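Asker: What follows is a single structure, and I will ask about it in a moment.
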Amino acid sequence: MDNKERIAAIVRKVSNNSALPDPDESLFDSGFLDSFALPDLVCELEREFGIKIPDSDLNPRKFESMTRIQSYLESRM
Amino acid sequence: MAAIRGFGAYLPSRVVTNAELAARLDCESGWILDVSGIEERRYAAPDESVAGMGAAAAQQCLESAGVPASDVGMILVSSGSSERRFPGPASEIAHALGMDGVPALDLPIASAGSLFAMSLAASLSAVHRNVLVIASEKMSAIVAREPLERGVAPLFGDGAGACLVSTEGPVRIVDSVLHSDGSFAQDLRLEFGAPLEMNGRSVILQASRKIPSAIGELLERNEKPPSAVKVFLMHQANQNLMDRVARALQVDASRFYSNIRRYGNTSSASLLIAAAEWWRDPGPRAGDPICFATFGAGFHWGALLAEAAS
């Protein structure tokens, strides 16, 4: 799986929804995730990509959409 | 050695239900309960002030501890909702308690101020012996500011709590950790005369990581696993957050004392109100480790470990 597919799998798992929003669409405004799912999303990303996201990077904007998540993670690789 | 001698609390009499707020905010009352765990909160009367509620909680605390006001050597008052820029409520509370001349210090740290004050009091008790910690909040006056936000207004309530820290008492203060980080200061703030600004996603994301981290740091250096703690007394911000912290520490959520369903988030007062209720029933049992934890605007966060005397 490429990074985009890995992120999509995590969003499906955390949202408990087999559908996906558009890559640039807000995961929150679209209703796929609520505020309390965001910490779960971050934990799953850390586990899947084998990284520790520092508290200073825990800005919700970095995790707003699948495109933004991919951009952030690839900046860490 | 510093110790806790007692707690006290004051809650205004007016109960505001989700149904009442839902009608004003154009949302479902069940939605408020789902996102916060809150069913009702208390609102102060127009003539009830931060200082007045704080003095009432302090009086109950002193009565519970059996200590006269004349024996208090210092007062620390936390509030993020005081009615004016200065003076803060500390000196007014001291005056109401007949303690003119006793040093009275304000700590304007929303949500986390009570735990910061307890930690400071533990150190200051060596000099001032009986240090009275008070947290009082009139959040209803703030969340009433237009525009009303359905994601903010239902969360908050009013009330006050107090704790007497001394050189002796039934619950020894073992250790504490305090942290502050201004990187996200804009994400939870109250400008003068403006509505409360809260980036809920940021607050939840940071709190859900920093609270378990602070508790873990504190317990690890005191060689206690989370499972050894009999009760966690946490800032009553949101039931979902408390449940998440419990999961992160791998302890049952029932170990986290909760009264948020009845009072909502009373900011810095919530920790002491919860502690006062727990102190009355079931209260500390010999040898029990007790962990306090908080997180608030700033961000400021921390944890405090106490232990009931054997």
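To be explicit about the labels: the chains of the structure tokens are called A, B, and onward in the order shown, and within each one the residues are counted from 1, while ligands get numbers from 1 in the order they are shown.
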Write out as a VMD selection string which residues come within 10 Å of Arg280 (chain B) when counting only C-alpha atoms, dropping same-chain ones fewer than 2 positions away.
Answerer: chain B and resid 6 to 8 64 275 to 278 282 to 284
Asker: Any chance you could export the current selection's N, CA, C and O atoms as an mmCIF file, in the first residue's frame?
Answerer:
data_model
loop_
_atom_site.group_PDB
_atom_site.id
_atom_site.type_symbol
_atom_site.label_atom_id
_atom_site.label_comp_id
_atom_site.auth_asym_id
_atom_site.auth_seq_id
_atom_site.Cartn_x
_atom_site.Cartn_y
_atom_site.Cartn_z
ATOM 1 N N GLY B 6 -8.624 19.633 54.563
ATOM 2 C CA GLY B 6 -10.047 19.584 54.245
ATOM 3 C C GLY B 6 -10.356 20.281 52.931
ATOM 4 O O GLY B 6 -9.491 20.967 52.357
ATOM 5 N N PHE B 7 -11.571 20.065 52.464
ATOM 6 C CA PHE B 7 -12.057 20.716 51.240
ATOM 7 C C PHE B 7 -13.417 21.351 51.529
ATOM 8 O O PHE B 7 -14.094 20.990 52.506
ATOM 9 N N GLY B 8 -13.829 22.243 50.683
ATOM 10 C CA GLY B 8 -15.163 22.818 50.765
ATOM 11 C C GLY B 8 -15.616 23.216 49.374
ATOM 12 O O GLY B 8 -14.812 23.302 48.447
ATOM 13 N N SER B 64 -15.042 22.365 57.751
ATOM 14 C CA SER B 64 -14.765 20.936 57.565
ATOM 15 C C SER B 64 -13.428 20.553 58.196
ATOM 16 O O SER B 64 -13.285 19.475 58.778
ATOM 17 N N ALA B 275 -13.294 17.320 44.542
ATOM 18 C CA ALA B 275 -12.554 16.823 45.710
ATOM 19 C C ALA B 275 -13.384 16.974 46.985
ATOM 20 O O ALA B 275 -13.362 16.102 47.858
ATOM 21 N N ALA B 276 -14.111 18.084 47.084
ATOM 22 C CA ALA B 276 -14.924 18.313 48.285
ATOM 23 C C ALA B 276 -16.033 17.264 48.395
ATOM 24 O O ALA B 276 -16.326 16.761 49.486
ATOM 25 N N GLU B 277 -16.644 16.940 47.268
ATOM 26 C CA GLU B 277 -17.705 15.914 47.298
ATOM 27 C C GLU B 277 -17.109 14.551 47.640
ATOM 28 O O GLU B 277 -17.674 13.789 48.416
ATOM 29 N N TRP B 278 -15.973 14.247 47.013
ATOM 30 C CA TRP B 278 -15.320 12.951 47.283
ATOM 31 C C TRP B 278 -14.876 12.885 48.747
ATOM 32 O O TRP B 278 -14.996 11.840 49.400
ATOM 33 N N PRO B 282 -16.817 9.050 49.279
ATOM 34 C CA PRO B 282 -16.457 8.174 50.394
ATOM 35 C C PRO B 282 -15.307 8.701 51.245
ATOM 36 O O PRO B 282 -15.118 8.213 52.348
ATOM 37 N N GLY B 283 -14.527 9.637 50.752
ATOM 38 C CA GLY B 283 -13.420 10.197 51.514
ATOM 39 C C GLY B 283 -12.191 9.304 51.513
ATOM 40 O O GLY B 283 -12.227 8.181 51.018
ATOM 41 N N PRO B 284 -11.100 9.858 52.061
ATOM 42 C CA PRO B 284 -9.834 9.103 52.040
ATOM 43 C C PRO B 284 -9.847 7.931 53.022
ATOM 44 O O PRO B 284 -10.381 8.049 54.119
#
Asker: Env of region 118-131 of chain B: 9 Å cut, atoms = only C-alpha atoms, seq-sep filter 6 positions within chain, self excluded. Answer as number ranges by chain.
Answerer: B: 1-4, 67, 71-76, 163-168, 173, 175-178, 303-304
Asker: Pull N, CA, C and O atoms from the residues just selected and write them as a short mmCIF file (atom, residue, chain, number, x, y, z; two decimals), in the first residue's frame.
Answerer:
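Listed below is the output, part-v9.cif:
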data_model
loop_
_atom_site.label_atom_id
_atom_site.label_comp_id
_atom_site.auth_asym_id
_atom_site.auth_seq_id
_atom_site.Cartn_x
_atom_site.Cartn_y
_atom_site.Cartn_z
N MET B 1 6.69 18.61 55.94
CA MET B 1 5.67 17.85 55.21
C MET B 1 4.41 18.68 55.03
O MET B 1 3.98 19.35 55.95
N ALA B 2 3.85 18.65 53.82
CA ALA B 2 2.58 19.35 53.58
C ALA B 2 1.44 18.34 53.53
O ALA B 2 1.65 17.18 53.12
N ALA B 3 0.28 18.79 53.94
CA ALA B 3 -0.86 17.87 53.98
C ALA B 3 -2.15 18.62 53.71
O ALA B 3 -2.21 19.85 53.85
N ILE B 4 -3.16 17.87 53.30
CA ILE B 4 -4.49 18.43 53.08
C ILE B 4 -5.32 18.23 54.34
O ILE B 4 -5.39 17.12 54.87
N VAL B 67 -10.64 24.48 61.42
CA VAL B 67 -9.59 25.49 61.59
C VAL B 67 -10.23 26.88 61.53
O VAL B 67 -10.95 27.18 60.57
N ASP B 71 -6.39 31.34 61.97
CA ASP B 71 -5.19 30.51 61.90
C ASP B 71 -4.64 30.38 60.48
O ASP B 71 -3.65 29.67 60.26
N VAL B 72 -5.30 31.00 59.49
CA VAL B 72 -4.83 30.89 58.10
C VAL B 72 -3.71 31.91 57.87
O VAL B 72 -3.84 33.09 58.21
N GLY B 73 -2.61 31.44 57.29
CA GLY B 73 -1.45 32.31 57.09
C GLY B 73 -1.35 32.90 55.70
O GLY B 73 -0.61 33.86 55.47
N MET B 74 -2.06 32.31 54.75
CA MET B 74 -2.00 32.81 53.38
C MET B 74 -3.18 32.29 52.57
O MET B 74 -3.70 31.21 52.86
N ILE B 75 -3.60 33.07 51.58
CA ILE B 75 -4.70 32.67 50.70
C ILE B 75 -4.23 32.72 49.25
O ILE B 75 -3.61 33.71 48.83
N LEU B 76 -4.53 31.67 48.51
CA LEU B 76 -4.25 31.63 47.07
C LEU B 76 -5.59 31.45 46.36
O LEU B 76 -6.32 30.50 46.67
N CYS B 163 -9.59 24.35 49.44
CA CYS B 163 -8.77 23.28 50.02
C CYS B 163 -7.83 23.92 51.04
O CYS B 163 -7.20 24.94 50.73
N LEU B 164 -7.74 23.34 52.21
CA LEU B 164 -6.80 23.86 53.20
C LEU B 164 -5.56 22.98 53.22
O LEU B 164 -5.65 21.78 53.50
N VAL B 165 -4.43 23.58 52.88
CA VAL B 165 -3.15 22.88 52.88
C VAL B 165 -2.36 23.35 54.10
O VAL B 165 -2.30 24.56 54.37
N SER B 166 -1.80 22.41 54.82
CA SER B 166 -1.15 22.75 56.07
C SER B 166 0.11 21.90 56.28
O SER B 166 0.49 21.11 55.41
N THR B 167 0.72 22.08 57.42
CA THR B 167 1.89 21.27 57.73
C THR B 167 1.50 19.92 58.30
O THR B 167 2.34 19.04 58.46
N GLU B 168 0.22 19.77 58.63
CA GLU B 168 -0.25 18.48 59.13
C GLU B 168 -1.69 18.27 58.68
O GLU B 168 -2.42 19.24 58.44
N ILE B 173 0.61 15.44 51.13
CA ILE B 173 0.94 15.76 49.73
C ILE B 173 2.35 15.21 49.45
O ILE B 173 3.32 15.63 50.08
N ASP B 175 3.93 14.71 46.16
CA ASP B 175 4.74 15.26 45.07
C ASP B 175 3.80 15.89 44.05
O ASP B 175 2.59 15.61 44.05
N SER B 176 4.34 16.72 43.19
CA SER B 176 3.51 17.27 42.10
C SER B 176 4.39 17.59 40.91
O SER B 176 5.60 17.80 41.05
N VAL B 177 3.77 17.63 39.73
CA VAL B 177 4.46 18.09 38.52
C VAL B 177 3.59 19.18 37.89
O VAL B 177 2.37 19.03 37.82
N LEU B 178 4.22 20.26 37.48
CA LEU B 178 3.53 21.36 36.82
C LEU B 178 4.22 21.67 35.51
O LEU B 178 5.46 21.66 35.45
N ALA B 303 -0.09 17.43 37.64
CA ALA B 303 -0.68 16.38 38.47
C ALA B 303 -0.07 16.47 39.86
O ALA B 303 1.04 16.98 40.04
N LEU B 304 -0.82 16.00 40.82
CA LEU B 304 -0.37 16.05 42.23
C LEU B 304 -0.74 14.72 42.89
O LEU B 304 -1.86 14.24 42.75
#
Asker: Please determine, counting only C-alpha atoms, which residue among A:Val14, A:Cys43, A:Leu38, A:Met1 has the shortest atom-to-atom distance to chain B.
Answerer: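 Of A:Val14, A:Cys43, A:Leu38, A:Met1, the one nearest chain B is A:Leu38, counting only C-alpha atoms.
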Asker: Please build the interface table for chain B against chain A with a cut-off of 6 Å, listing for each qualifying residue the nearest atom pair and the distance in Å to one decimal; count only C-alpha atoms, order rows by chain and increasing number, and write it as a Markdown table.
Answerer:
| residue | atom | partner | partner_atom | distance |
| --- | --- | --- | --- | --- |
| B:Arg201 | CA | A:Ser35 | CA | 5.0 |
| B:Ser202 | CA | A:Pro60 | CA | 5.8 |
| B:Leu205 | CA | A:Pro39 | CA | 5.4 |
Asker: Enumerate the residues of region 45-273 of chain B with a DSSP assignment of helix (DSSP H, G or I), computed from the backbone, and present them as a VMD selection string.
Answerer: chain B and resid 50 to 65 69 to 71 89 to 96 113 to 128 140 to 143 153 to 155 182 to 187 200 to 221 226 to 228 239 to 249 253 to 255 260 to 263 269 to 273
Asker: Pick out the residues sitting within 9 Å of region 7-13 of chain A, and hand them over as a list in words; count only C-alpha atoms, and ignore anything fewer than 5 positions along from it in its own chain.
Answerer: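 The residues satisfying every condition are Asp2, Ser18, Ala19, Leu20, Leu27, Phe32, Leu33, Leu41, Glu44, Leu45, Glu48, Met66, Ile69 and Gln70 of chain A.
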Asker: So that I have them on file, write out the residues from the current selection with C-alpha atoms, as a compact mmCIF listing (two decimals), in the first residue's frame.
Answerer:
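Output (selection_24.txt):
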# COMPACT_ATOMS: atom_id res chain seq x y z
CA ASP A 2 1.19 3.53 -0.68
CA SER A 18 -16.23 2.27 4.99
CA ALA A 19 -16.74 5.40 2.89
CA LEU A 20 -14.18 8.16 2.56
CA LEU A 27 -12.55 15.06 7.95
CA PHE A 32 -16.35 11.60 9.30
CA LEU A 33 -14.56 12.40 12.56
CA LEU A 41 -6.38 9.26 14.52
CA GLU A 44 -3.09 5.21 14.68
CA LEU A 45 -0.89 7.30 12.39
CA GLU A 48 1.19 2.73 11.27
CA MET A 66 -6.24 13.17 4.08
CA ILE A 69 -2.12 14.27 6.75
CA GLN A 70 -0.13 12.83 3.85
Asker: Name all residues at most 10 Å from Ser82 (chain B) (count only C-alpha atoms; drop same-chain ones fewer than 5 positions away) and give them as a PyMOL selection string.
Answerer: chain B and resi 49-51+87-89+108+136-139+141-142
Asker: Using only C-alpha atoms, which protein or nucleic acid residues come within 9 Å of Ile290 (chain B)? Drop anything in the same chain fewer than 3 positions from it, and give the result as a ChimeraX atom specification.
Answerer: /B:171,229-233,284,304-308
Asker: Please produce a file of the residues just selected, as a PDB file, in the first residue's frame, where the atoms kept are C-alpha atoms.
Answerer:
ATOM      1  CA  VAL B 171      -3.762  13.367  53.609  1.00  0.00           C
ATOM      2  CA  VAL B 229      -4.085   4.915  42.691  1.00  0.00           C
ATOM      3  CA  LYS B 230      -7.437   4.552  44.439  1.00  0.00           C
ATOM      4  CA  VAL B 231      -9.016   7.692  43.078  1.00  0.00           C
ATOM      5  CA  PHE B 232      -8.183  10.176  40.338  1.00  0.00           C
ATOM      6  CA  LEU B 233      -9.580  13.647  40.948  1.00  0.00           C
ATOM      7  CA  PRO B 284      -9.834   9.103  52.040  1.00  0.00           C
ATOM      8  CA  LEU B 304      -0.373  16.050  42.233  1.00  0.00           C
ATOM      9  CA  LEU B 305       0.020  12.881  44.275  1.00  0.00           C
ATOM     10  CA  ALA B 306      -1.314  12.628  47.810  1.00  0.00           C
ATOM     11  CA  GLU B 307      -1.618   9.751  50.239  1.00  0.00           C
ATOM     12  CA  ALA B 308      -4.011   9.215  53.127  1.00  0.00           C
TER      13      ALA B 308
END
Asker: Need to verify the contact set: Ala117 (chain B), 8 Å, only C-alpha atoms, exclusion of same-chain residues closer than 6 positions in sequence. Can you return it as a ChimeraX atom specification?
Answerer: /B:76-78,107,133
Asker: Excluding Ala207 (chain B) and residues on its chain fewer than 6 positions from it, collect all residues at most 12 Å away from it, counting only C-alpha atoms, and give them as a VMD selection string.
Answerer: (chain A and resid 35 to 36 38 to 39 55 58) or (chain B and resid 111 to 112 184 188 200 to 201 213 to 215 234 to 235 237 to 238 240 to 242 244 to 245 248 293 to 302)
Asker: Using N, CA and C atoms, can you write the selected residues to a file as a compact mmCIF listing (two decimals), in the first residue's frame?
Answerer:
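What follows is the written file out35.txt:
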# COMPACT_ATOMS: atom_id res chain seq x y z
N SER A 35 -14.23 15.68 17.31
CA SER A 35 -13.02 16.14 18.01
C SER A 35 -12.36 15.02 18.81
N PHE A 36 -13.18 14.16 19.41
CA PHE A 36 -12.62 13.11 20.26
C PHE A 36 -12.03 11.96 19.46
N LEU A 38 -9.98 12.64 17.00
CA LEU A 38 -8.68 13.16 16.54
C LEU A 38 -7.50 12.53 17.29
N PRO A 39 -7.55 12.42 18.64
CA PRO A 39 -6.43 11.74 19.32
C PRO A 39 -6.27 10.29 18.86
N ASP A 55 4.30 16.87 20.58
CA ASP A 55 3.17 17.70 20.98
C ASP A 55 3.13 19.02 20.20
N LEU A 58 1.08 18.85 17.16
CA LEU A 58 -0.32 18.44 17.29
C LEU A 58 -1.25 19.62 17.05
N SER B 111 -9.01 26.93 34.58
CA SER B 111 -9.06 25.45 34.66
C SER B 111 -7.94 24.84 35.50
N ALA B 112 -6.70 25.19 35.25
CA ALA B 112 -5.59 24.52 35.93
C ALA B 112 -5.15 25.21 37.21
N PHE B 184 0.33 27.09 22.22
CA PHE B 184 -1.06 27.04 21.78
C PHE B 184 -1.92 28.01 22.61
N LEU B 188 -7.17 28.67 23.45
CA LEU B 188 -8.16 28.75 24.54
C LEU B 188 -7.90 30.06 25.26
N GLY B 200 -11.66 23.67 20.09
CA GLY B 200 -11.94 22.43 20.81
C GLY B 200 -11.05 21.28 20.38
N ARG B 201 -10.78 21.18 19.07
CA ARG B 201 -9.95 20.06 18.58
C ARG B 201 -8.55 20.14 19.15
N SER B 213 0.36 12.02 30.31
CA SER B 213 1.81 12.15 30.38
C SER B 213 2.25 12.71 31.74
N ALA B 214 1.55 13.74 32.22
CA ALA B 214 1.90 14.33 33.53
C ALA B 214 1.66 13.34 34.66
N ILE B 215 0.53 12.63 34.59
CA ILE B 215 0.24 11.64 35.63
C ILE B 215 1.30 10.54 35.58
N MET B 234 -9.86 14.74 38.82
CA MET B 234 -9.39 15.48 37.65
C MET B 234 -10.27 16.70 37.39
N HIS B 235 -9.69 17.69 36.75
CA HIS B 235 -10.49 18.83 36.28
C HIS B 235 -11.67 18.28 35.48
N ALA B 237 -13.62 18.65 32.90
CA ALA B 237 -13.76 19.40 31.65
C ALA B 237 -14.80 18.77 30.75
N ASN B 238 -14.74 17.46 30.65
CA ASN B 238 -15.60 16.74 29.71
C ASN B 238 -15.51 15.26 30.06
N ASN B 240 -15.98 12.69 28.26
CA ASN B 240 -15.26 11.93 27.23
C ASN B 240 -13.75 12.04 27.43
N LEU B 241 -13.29 13.21 27.86
CA LEU B 241 -11.85 13.39 28.10
C LEU B 241 -11.40 12.56 29.30
N MET B 242 -12.19 12.57 30.36
CA MET B 242 -11.81 11.77 31.54
C MET B 242 -11.75 10.28 31.18
N ARG B 244 -11.11 9.04 28.31
CA ARG B 244 -9.94 8.83 27.44
C ARG B 244 -8.65 8.77 28.26
N VAL B 245 -8.54 9.65 29.27
CA VAL B 245 -7.36 9.63 30.14
C VAL B 245 -7.27 8.31 30.89
N ALA B 248 -5.98 5.72 28.56
CA ALA B 248 -4.54 5.89 28.30
C ALA B 248 -3.70 5.35 29.45
N ALA B 293 -5.31 15.81 38.85
CA ALA B 293 -4.73 16.16 37.54
C ALA B 293 -5.57 17.26 36.89
N THR B 294 -4.89 18.06 36.09
CA THR B 294 -5.61 19.16 35.46
C THR B 294 -4.95 19.59 34.15
N PHE B 295 -5.69 20.37 33.39
CA PHE B 295 -5.21 20.93 32.12
C PHE B 295 -6.05 22.16 31.83
N GLY B 296 -5.40 23.23 31.40
CA GLY B 296 -6.19 24.42 31.12
C GLY B 296 -5.50 25.41 30.20
N ALA B 297 -6.16 26.54 30.03
CA ALA B 297 -5.68 27.58 29.12
C ALA B 297 -4.23 27.93 29.42
N GLY B 298 -3.51 28.20 28.37
CA GLY B 298 -2.10 28.56 28.54
C GLY B 298 -1.16 27.98 27.50
N PHE B 299 -1.02 26.66 27.33
CA PHE B 299 -1.64 25.66 28.19
C PHE B 299 -0.83 25.47 29.47
N HIS B 300 -1.55 25.21 30.57
CA HIS B 300 -0.94 24.80 31.84
C HIS B 300 -1.53 23.43 32.19
N TRP B 301 -0.71 22.55 32.68
CA TRP B 301 -1.23 21.24 33.09
C TRP B 301 -0.32 20.64 34.16
N GLY B 302 -0.85 19.66 34.87
CA GLY B 302 -0.04 19.06 35.92
C GLY B 302 -0.79 17.98 36.66
Asker: Find the residue from A:Glu5, A:Glu64, A:Asp57, A:Arg47 that sits nearest to Gly31 (chain A); use only C-alpha atoms when measuring.
Answerer: A:Glu64
Asker: For Asp24 (chain A), which of A:Arg76, A:Lys52, A:Lys4, A:Arg68 is the closest residue, counting only C-alpha atoms?
Answerer: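 Closest to Asp24 (chain A), using only C-alpha atoms: A:Arg68.
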Asker: Quick check, in Å to one decimal: how far apart do CA of Gly159 (chain B) and CA of Ile38 (chain B) lie?
Answerer: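 Spanning CA of Gly159 (chain B) to CA of Ile38 (chain B) is a straight-line distance of 15.1 Å.
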Asker: Find, counting only C-alpha atoms, the residue in B:Asp158, B:Asp243, B:Glu197, B:Asp288 that gets nearest to Gly54 (chain B).
Answerer: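 Closest residue, counting only C-alpha atoms: B:Asp158.
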